[in-house]
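Read the structure below first, then the notes.
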Amino acid sequence: MGKNTPSLIEEITEPPIEPGGPSGTVGNAYLLPEFESQDQAQRASHHARSGAAPKNVALKTRPSATRPQVYNDATHYIAETRPSNPVHFLRTHVLRGAAQWFLRHFPGTVLYAVKANPSPAVIKELWASGIRHFDVASLAEVELVAGLCPKAKLHFMHPVKSREAIRKSYFNYGVRDFVIDSAQELFKLLEETRGAKDLGIMIRLAVSNGHAFHSLDGKFGADNRLAAELLQQARKVSSRLGIAFHVGQQTMHSKAYAAAMAQVGEVIKQAKVNPDIIDVGGGFPVAFPGLVPPDMHGYMNSIKEAFESLNLPKKTKLWCEPGRALVQESGSLLVKVELRKDNRLYINDGFYGALFDAGYSKLAYPVRAIRAGENANGALSNKTARFTVFGPTCDSIDVLKTQLVLPADIEEGDYLEFGQTGGYAAALQSGFNGFGADAKPVVLRDMPMLQTPGFWQDDAVQPEGEAAEIPATLVAF
Ligand SMILES: Cc1ncc(COP(=O)(O)O)c(C=O)c1O
């Protein structure tokens, strides 16, 4: 990870936080379009931008009894609640913008990879934003999405499934698409579905993860020769056939997709079998401090060009399975400083909680310090210092790999808000030692701390709230 480590950014422009913050809750009656298809959602998304009312789209008002309380930003929430435990924040307008951006710009079908954030609030908002397809990896995810969105189309994209998961997803939940990367899994699939004739079988191809921040190499995926054999075998027993790959999480260059697509072309040539679907997986990146990807439009263009250059029959479909890119910017995490010892801070969440990625790798989140309550009499200092930040559990590996540059006078009772935590943060928290945020997020109306170049802000629906001051990134290592 050495070359990918975040750059040193020490400047702090965070204005002093006013004690108290805005008061009163925001009664935010907003309209949720209900779409029957991705196509309809795309049309409605276009109308939303052009200001025209979408045709044939029923608008429903969310009943006020189920409307969550919405806060302007973290300071507003702190002023109202003074939380002792860590808190997940969710910006539903950001989620909606990301979903609509993908629906508009990806030249095919968009599946949300549920593992990135399985919060019911997230899944429901994505559904309301027009996402109709979900990449699920376990029976629990199948049950979760089927329960929340009964009309959702589920695709079981884990190459190693339990027999029970295959059986129940097929017979109880109507799942038809399954990924495999071995002949053994193909047999298992046929046995457990009693030789079903309506299976969609996707062959997972092993591709280079050389441009990924988090590599998924070496665990799943068939090499070219095996993938070609599986294509030939699966063609005889499937009603639709696909090739899927994953270029690794947080892939920092669009050419990774083009290279994987070229490899797909070689497999097709070898197998002499045309698939019905090419699934380019997830891996789409978002901005982190020191890890800012190129413009996201470039990724879409690269995929489109590479797909077209395969010269497959016109009916061949293109799919993607983004996790992180759909949810990351919508989330942030609020933690509290429990103790300061010199330049060591002890906070109430960490490696075993929602900050796993920052303890396991040098992934750095943007962070801002917030002073509230009795402490707010003295605003946070403009002087900065570096801090080693420990999580709350007994384990000494519960420490952030990246030191944080924070106001030099930060102290017990101050809060830190980590941005860009919408993906793989809540999903990975363990509850070890009794610590951890409530999984249910609190909804905020402000903007994310960082924005990914070219991604969703360019043409998506505007957020409902005022844009917050974007604070500087206060991270160093
Ligand atoms: C099969 C599959 N699809 C999609 C994803 C989502 O990837 P990302 O969050 O990088 O978009 C993953 C993540 O590991 C995955 O394993």
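Just so we're on the same page: first chain in the structure tokens is A, next is B, and so on; residues restart at 1 for each chain, and ligands are numbered from 1 in the order they show up.
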
Subject >> All strand (DSSP E or B) residues (DSSP, backbone) inside segment 172-236 of chain A, as a PyMOL selection string >> reply: chain A and resi 177-180+200-205+212-214+222

**OP:** For ligand 1, list the contacting residues at 7 Å or closer, counting only C-alpha atoms and all ligand atoms, as a list in words.
**Re:**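 Listed by chain and ascending number, the contacts are Ala113, Ala116, Asp135, Met157, His158, Leu216, His246, Gly248, Gln249, Gln250, Gly281, Gly282, Gly283, Phe284, Glu321, Pro322, Gly323, Arg324 and Ala325 of chain A.
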
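Compared by their closest atoms to Pro392 of chain A, and using only C-alpha atoms, the residues A:Ser119, A:Ser239, A:Thr193, A:Asn85 rank with A:Asn85 nearest.
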
Subject >> Nearest to Thr109 of chain A, chosen from A:Leu226, A:Ala439, A:Val335, A:Cys320, with only C-alpha atoms counted in the distances >> reply: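 Nearest to Thr109 of chain A: A:Cys320.
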
Subject >> Minimum-distance residue to Val292 of chain A, chosen among A:Ala369, A:Leu404, A:Leu450, A:Pro150 (using only C-alpha atoms) >> reply: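 Going through A:Ala369, A:Leu404, A:Leu450, A:Pro150 one by one, the smallest distance to Val292 of chain A is for A:Leu450.
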
**OP:** Quote the spacing between atom CA of Gln403 of chain A and atom CA of Val247 of chain A in Å to one decimal place.
**Re:**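 These two atoms are separated by 29.1 Å.
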
Subject >> Non-local contacts of Leu326 of chain A (8 Å; only C-alpha atoms; under 4 positions in same chain excluded) as a PyMOL selection string >> reply: chain A and resi 95+98-99+102+112+322

Original post:
Excluding same-chain residues fewer than 6 positions from Leu230 of chain A, what lies within 9 Å of it counting only C-alpha atoms, as a list in words?
Top reply: Ile180, Asp181, Ser182, Ala183, Leu186, Ile203, Ala222 and Ala271 of chain A

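Of the listed residues A:Ala260, A:Leu241, A:Val267, A:Ala426, the one whose atoms come nearest to Glu229 of chain A is A:Val267, with distances taken using only C-alpha atoms.
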
Using DSSP on the backbone, list every residue of segment 44-170 of chain A that comes out as alpha helix (DSSP H), and give them as a CSV table (one decimal) with C-alpha atoms, in the first residue's frame.
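Saved as selection-v1.csv:
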```
chain,number,residue,atom,x,y,z
A,44,ALA,CA,-37.8,10.5,-14.2
A,45,SER,CA,-34.3,11.4,-13.2
A,46,HIS,CA,-34.0,13.3,-16.5
A,47,HIS,CA,-37.3,15.1,-15.9
A,48,ALA,CA,-36.2,16.0,-12.4
A,49,ARG,CA,-33.1,17.7,-13.8
A,50,SER,CA,-35.0,19.4,-16.6
A,74,ALA,CA,-23.3,17.1,12.8
A,75,THR,CA,-23.1,20.2,15.0
A,76,HIS,CA,-26.9,20.5,14.9
A,77,TYR,CA,-27.2,16.9,15.9
A,78,ILE,CA,-24.6,17.3,18.7
A,79,ALA,CA,-26.4,20.4,20.0
A,80,GLU,CA,-29.7,18.5,20.2
A,81,THR,CA,-28.5,15.2,21.6
A,92,THR,CA,-30.1,10.6,1.6
A,93,HIS,CA,-29.8,13.3,-1.0
A,94,VAL,CA,-26.3,12.3,-1.7
A,95,LEU,CA,-27.3,8.7,-2.0
A,96,ARG,CA,-30.0,9.6,-4.4
A,97,GLY,CA,-27.6,11.7,-6.5
A,98,ALA,CA,-25.1,8.9,-6.7
A,99,ALA,CA,-27.8,6.4,-7.7
A,100,GLN,CA,-29.1,8.7,-10.4
A,101,TRP,CA,-25.7,9.5,-11.7
A,102,PHE,CA,-25.0,5.8,-12.2
A,103,LEU,CA,-28.4,5.1,-13.8
A,104,ARG,CA,-27.8,7.9,-16.2
A,105,HIS,CA,-24.1,7.4,-17.1
A,120,PRO,CA,-32.4,-0.7,5.4
A,121,ALA,CA,-32.4,3.1,5.2
A,122,VAL,CA,-29.8,2.9,2.4
A,123,ILE,CA,-31.5,0.1,0.5
A,124,LYS,CA,-34.9,1.8,0.6
A,125,GLU,CA,-33.4,5.1,-0.5
A,126,LEU,CA,-31.6,3.4,-3.4
A,127,TRP,CA,-34.8,1.7,-4.4
A,128,ALA,CA,-36.7,5.0,-4.2
A,139,LEU,CA,-28.9,-15.8,2.1
A,140,ALA,CA,-29.2,-13.1,4.8
A,141,GLU,CA,-28.8,-10.4,2.1
A,142,VAL,CA,-31.3,-12.1,-0.1
A,143,GLU,CA,-33.8,-12.1,2.8
A,144,LEU,CA,-33.0,-8.5,3.8
A,145,VAL,CA,-33.6,-7.0,0.3
A,146,ALA,CA,-36.5,-9.2,-0.5
A,147,GLY,CA,-38.2,-8.1,2.7
A,148,LEU,CA,-37.6,-4.4,2.1
A,163,ARG,CA,-26.4,-25.4,-0.6
A,164,GLU,CA,-29.1,-24.0,1.7
A,165,ALA,CA,-28.5,-20.5,0.3
A,166,ILE,CA,-28.9,-21.7,-3.3
A,167,ARG,CA,-32.0,-23.7,-2.5
A,168,LYS,CA,-33.8,-21.0,-0.5
A,169,SER,CA,-32.9,-18.2,-2.8
A,170,TYR,CA,-34.0,-20.1,-5.9
```

Subject >> Closest of A:Arg225, A:Lys219, A:Lys336, A:Arg240 to Phe178 of chain A - atom-to-atom distances counting only C-alpha atoms >> reply: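 Answer, going by the shortest atom-to-atom distance: A:Arg240.
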
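Those residues that approach Glu411 of chain A to within 8 Å, counting only C-alpha atoms, are Val337, Leu339 and Arg340 of chain A; same-chain residues fewer than 5 positions away are not listed.
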
Subject >> Spatial neighbours of Glu308 of chain A, max dist 10 Å, only C-alpha atoms, sep filter under 6 positions, as number ranges by chain >> reply: A: 261, 302, 314

**OP:** Check the smallest atom-to-atom distance from each of A:Leu205, A:Val114, A:Ala437, A:Ile278 to Phe89 of chain A using only C-alpha atoms, then report the winner.
**Re:**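 Once distances to Phe89 of chain A are computed over only C-alpha atoms, the minimum belongs to A:Ala437.
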
Original post:
What is the distance between atom CA of Pro407 of chain A and atom CA of Leu355 of chain A, in Å to one decimal?
Top reply: 20.6 Å
